[in-house]
Amino acid sequence: MPLDRKTEVNSLGFTKPPSETRVVVAMSGGVDSSVVAAKLAEEGYDVVGVTLQLYDHGAALAKKGACCAGIDIHDARRVAEDMGFPHYVLDYENIFRDAVIDEFADSYLAGATPVPCIRCNERVKFKDLLETAKDLEADCMATGHYIQRKDGENGPELHSAADPARDQSYFLFSTTPEQLDYLRFPLGHLPSKDATRELAARYGLRVADKPDSQDICFVPDGNYAGVIEKLRPGAADPGRIVHVDGRDLGAHDGVIHYTIGQRRGLGIGGLSEPLYVVKLDVEAKQVIVGPKELLATRTVPVREVNWLGDAPFASAEEWHVAVKVRSTRPPREAVIRPLGPDTAEVELLTAEEGVAPGQACVFYETGSSRVLGGGWIWRG
């Protein structure tokens, strides 16, 4: 049956046939975005695949676990050829360095624990690439992220993925209402990653068994400190490891080698109590350690808040929500108290350990899958 233009809506939410609906698919070369592109192509959409070259991929060419490297660009192009839709590679190296890599290095040097994947989505994929999709006259842009977009009473809403193990809502909290209106996430409703791989096999994709990326794309070996030293020569200045009670416990070879909450690899063995990194003093070049209970906090200052609730953020004195302070932790009950249009203080009803500046604090509607936005944790 042909689509009734006046009444029927296609799977992407447009009242026209798929063949007249252009969709740009952000293709990383992995199985997720490849399945999205193949699925939409099979459904008859006017698909255009776009892959971003984000950094000099020569060093990562043969390394597994990194997205957007040379082999991934090749894989994305091959999927497009097999499925019969156009594919473009865009050089975003300068944009990516300015918007993501430089801040990553500077944040680490300031003693924070940054999450560059969020900044990449916010400043590159959902900003510059989204504008490119509009320049290509696409009706929408689709990605392989595991998150759901649902139509609400006041417009599109952001919701966690159906599979909690694959949910990427923590990394997409900064998606704005305007971006959400244009974006589509065809995998968010799937029950598991196995279901995605089954679709890949059904479409005959050669990436069906390709391993998932594990590390930050421009740090394929997981050596953050090595990358920062390369970007900021002299960054790994030595200093002292100091107990919170003032005792000097030894030397370290650079604050950038440590993170808040770290216990292993401190190089100060032989003590009667287990010690954790509780603070990084960059100016004094000190790694400050102490007992685990000092990591617990209930007050989390946040800024650059992106609010996705129905009422304006500052319209209420407080919002009772659930929050995540790290991507790997479940949401916990909290109260948000707005201090302005994009700053707030978050009170955790149960103290959390290892809350670190540079991480995100993501807001969820209590008892619901809806994502209400989030903000960046800072020292206050």
# chains A, B, ... in the order shown; residues from 1 in each chain; ligands from 1

call {"tool": "closest_atom_pairs", "arguments": {"of": "region 203-313 of chain A", "to": "region 67-87 of chain A", "cutoff": "7 Å", "atoms": "only C-alpha atoms", "output": "Markdown table"}}
result
| residue | atom | partner | partner_atom | distance |
| --- | --- | --- | --- | --- |
| A:Leu205 | CA | A:Val79 | CA | 6.6 |
| A:Ser213 | CA | A:Cys67 | CA | 6.0 |
| A:Cys217 | CA | A:Cys67 | CA | 5.1 |

call {"tool": "write_last_selection", "arguments": {"atoms": "N, CA and C atoms", "output": "PDB file, in the first residue's frame"}}
result
ATOM      1  N   LEU A 205      26.173  -7.252   6.464  1.00  0.00           N
ATOM      2  CA  LEU A 205      27.237  -6.278   6.690  1.00  0.00           C
ATOM      3  C   LEU A 205      28.513  -6.970   7.158  1.00  0.00           C
ATOM      4  N   SER A 213      34.137  -0.135  20.125  1.00  0.00           N
ATOM      5  CA  SER A 213      35.229   0.736  20.548  1.00  0.00           C
ATOM      6  C   SER A 213      35.208   0.844  22.066  1.00  0.00           C
ATOM      7  N   CYS A 217      38.568   7.994  21.294  1.00  0.00           N
ATOM      8  CA  CYS A 217      39.055   7.712  19.941  1.00  0.00           C
ATOM      9  C   CYS A 217      40.471   8.202  19.694  1.00  0.00           C
TER      10      CYS A 217
END

call {"tool": "residues_around", "arguments": {"residues": "Leu52 (chain A)", "least_positions_apart": "4", "cutoff": "7 Å", "atoms": "only C-alpha atoms", "output": "PDB file with N, CA and C atoms, in the first residue's frame"}}
result
ATOM      1  N   CYS A  68      36.559   6.111  14.392  1.00  0.00           N
ATOM      2  CA  CYS A  68      36.941   7.157  13.451  1.00  0.00           C
ATOM      3  C   CYS A  68      38.388   7.072  12.986  1.00  0.00           C
ATOM      4  N   VAL A  89      33.371  11.558   3.328  1.00  0.00           N
ATOM      5  CA  VAL A  89      34.282  11.692   4.468  1.00  0.00           C
ATOM      6  C   VAL A  89      34.630  13.168   4.594  1.00  0.00           C
ATOM      7  N   LEU A  90      34.386  13.734   5.756  1.00  0.00           N
ATOM      8  CA  LEU A  90      34.637  15.148   5.996  1.00  0.00           C
ATOM      9  C   LEU A  90      35.818  15.310   6.948  1.00  0.00           C
ATOM     10  N   ASP A  91      36.729  16.195   6.599  1.00  0.00           N
ATOM     11  CA  ASP A  91      37.899  16.453   7.433  1.00  0.00           C
ATOM     12  C   ASP A  91      37.529  17.454   8.517  1.00  0.00           C
ATOM     13  N   TYR A  92      37.379  16.951   9.730  1.00  0.00           N
ATOM     14  CA  TYR A  92      37.017  17.790  10.873  1.00  0.00           C
ATOM     15  C   TYR A  92      38.158  17.877  11.884  1.00  0.00           C
TER      16      TYR A  92
END

call {"tool": "residues_around", "arguments": {"residues": "region 158-166 of chain A", "least_positions_apart": "2", "cutoff": "8 Å", "atoms": "only C-alpha atoms", "output": "ChimeraX atom specification"}}
result
/A:146-150,156,168-169,180,188-193,308,369-372

call {"tool": "closest_atom_pairs", "arguments": {"of": "region 216-313 of chain A", "to": "region 332-356 of chain A", "cutoff": "12 Å", "atoms": "only C-alpha atoms", "output": "JSON lines"}}
result
{"residue": "A:Tyr258", "atom": "CA", "partner": "A:Ala356", "partner_atom": "CA", "distance": 11.9}
{"residue": "A:Thr259", "atom": "CA", "partner": "A:Ala356", "partner_atom": "CA", "distance": 8.3}
{"residue": "A:Ile260", "atom": "CA", "partner": "A:Gly354", "partner_atom": "CA", "distance": 6.0}
{"residue": "A:Gly261", "atom": "CA", "partner": "A:Gly354", "partner_atom": "CA", "distance": 4.9}
{"residue": "A:Gln262", "atom": "CA", "partner": "A:Gly354", "partner_atom": "CA", "distance": 8.6}
{"residue": "A:Arg263", "atom": "CA", "partner": "A:Gly354", "partner_atom": "CA", "distance": 11.1}
{"residue": "A:Tyr276", "atom": "CA", "partner": "A:Gly354", "partner_atom": "CA", "distance": 9.5}
{"residue": "A:Val277", "atom": "CA", "partner": "A:Gly354", "partner_atom": "CA", "distance": 9.0}
{"residue": "A:Val278", "atom": "CA", "partner": "A:Gly354", "partner_atom": "CA", "distance": 7.8}
{"residue": "A:Lys279", "atom": "CA", "partner": "A:Ala356", "partner_atom": "CA", "distance": 9.1}
{"residue": "A:Leu280", "atom": "CA", "partner": "A:Ala356", "partner_atom": "CA", "distance": 10.3}
{"residue": "A:Pro291", "atom": "CA", "partner": "A:Glu353", "partner_atom": "CA", "distance": 11.4}
{"residue": "A:Lys292", "atom": "CA", "partner": "A:Glu353", "partner_atom": "CA", "distance": 8.0}
{"residue": "A:Glu293", "atom": "CA", "partner": "A:Glu353", "partner_atom": "CA", "distance": 7.8}
{"residue": "A:Leu294", "atom": "CA", "partner": "A:Glu353", "partner_atom": "CA", "distance": 8.1}
{"residue": "A:Leu295", "atom": "CA", "partner": "A:Glu353", "partner_atom": "CA", "distance": 4.8}
{"residue": "A:Ala296", "atom": "CA", "partner": "A:Glu353", "partner_atom": "CA", "distance": 4.1}
{"residue": "A:Thr297", "atom": "CA", "partner": "A:Ala351", "partner_atom": "CA", "distance": 5.0}
{"residue": "A:Arg298", "atom": "CA", "partner": "A:Ala351", "partner_atom": "CA", "distance": 4.6}
{"residue": "A:Thr299", "atom": "CA", "partner": "A:Glu347", "partner_atom": "CA", "distance": 4.8}
{"residue": "A:Val300", "atom": "CA", "partner": "A:Val346", "partner_atom": "CA", "distance": 5.0}
{"residue": "A:Pro301", "atom": "CA", "partner": "A:Glu345", "partner_atom": "CA", "distance": 4.6}
{"residue": "A:Val302", "atom": "CA", "partner": "A:Ala344", "partner_atom": "CA", "distance": 5.4}
{"residue": "A:Arg303", "atom": "CA", "partner": "A:Thr343", "partner_atom": "CA", "distance": 4.3}
{"residue": "A:Glu304", "atom": "CA", "partner": "A:Asp342", "partner_atom": "CA", "distance": 5.2}
{"residue": "A:Val305", "atom": "CA", "partner": "A:Asp342", "partner_atom": "CA", "distance": 4.4}
{"residue": "A:Asn306", "atom": "CA", "partner": "A:Asp342", "partner_atom": "CA", "distance": 6.9}
{"residue": "A:Trp307", "atom": "CA", "partner": "A:Asp342", "partner_atom": "CA", "distance": 8.1}
{"residue": "A:Leu308", "atom": "CA", "partner": "A:Asp342", "partner_atom": "CA", "distance": 11.9}
{"residue": "A:Pro312", "atom": "CA", "partner": "A:Pro341", "partner_atom": "CA", "distance": 8.4}
{"residue": "A:Phe313", "atom": "CA", "partner": "A:Pro341", "partner_atom": "CA", "distance": 6.5}

call {"tool": "select_by_dssp", "arguments": {"residues": "region 227-356 of chain A", "states": "strand (DSSP E or B)", "output": "number ranges by chain"}}
result
A: 239-243, 248-252, 276-281, 286-290, 296-307, 319-324, 332-338, 344-353

call {"tool": "residues_around", "arguments": {"residues": "Phe96 (chain A)", "least_positions_apart": "5", "cutoff": "9 Å", "atoms": "only C-alpha atoms", "output": "JSON, numbers by chain"}}
result
{"A": [54, 55, 101, 102, 120, 123, 124]}

call {"tool": "closest_residue", "arguments": {"among": "A:Gly367, A:Leu109, A:Ala201, A:Leu172", "to": "Gly234 (chain A)", "atoms": "only C-alpha atoms"}}
result
A:Leu109

call {"tool": "select_by_dssp", "arguments": {"residues": "region 41-237 of chain A", "states": "helix (DSSP H, G or I)", "output": "JSON, numbers by chain"}}
result
{"A": [41, 42, 70, 71, 72, 73, 74, 75, 76, 77, 78, 79, 80, 81, 82, 83, 93, 94, 95, 96, 97, 98, 99, 100, 101, 102, 103, 104, 105, 106, 107, 108, 109, 116, 117, 118, 119, 120, 121, 122, 123, 124, 125, 126, 127, 128, 129, 130, 131, 132, 133, 134, 135, 169, 170, 171, 172, 177, 178, 179, 180, 181, 182, 193, 194, 195, 196, 197, 198, 199, 200, 201, 202, 224, 225, 226, 227, 228, 229, 230, 231]}
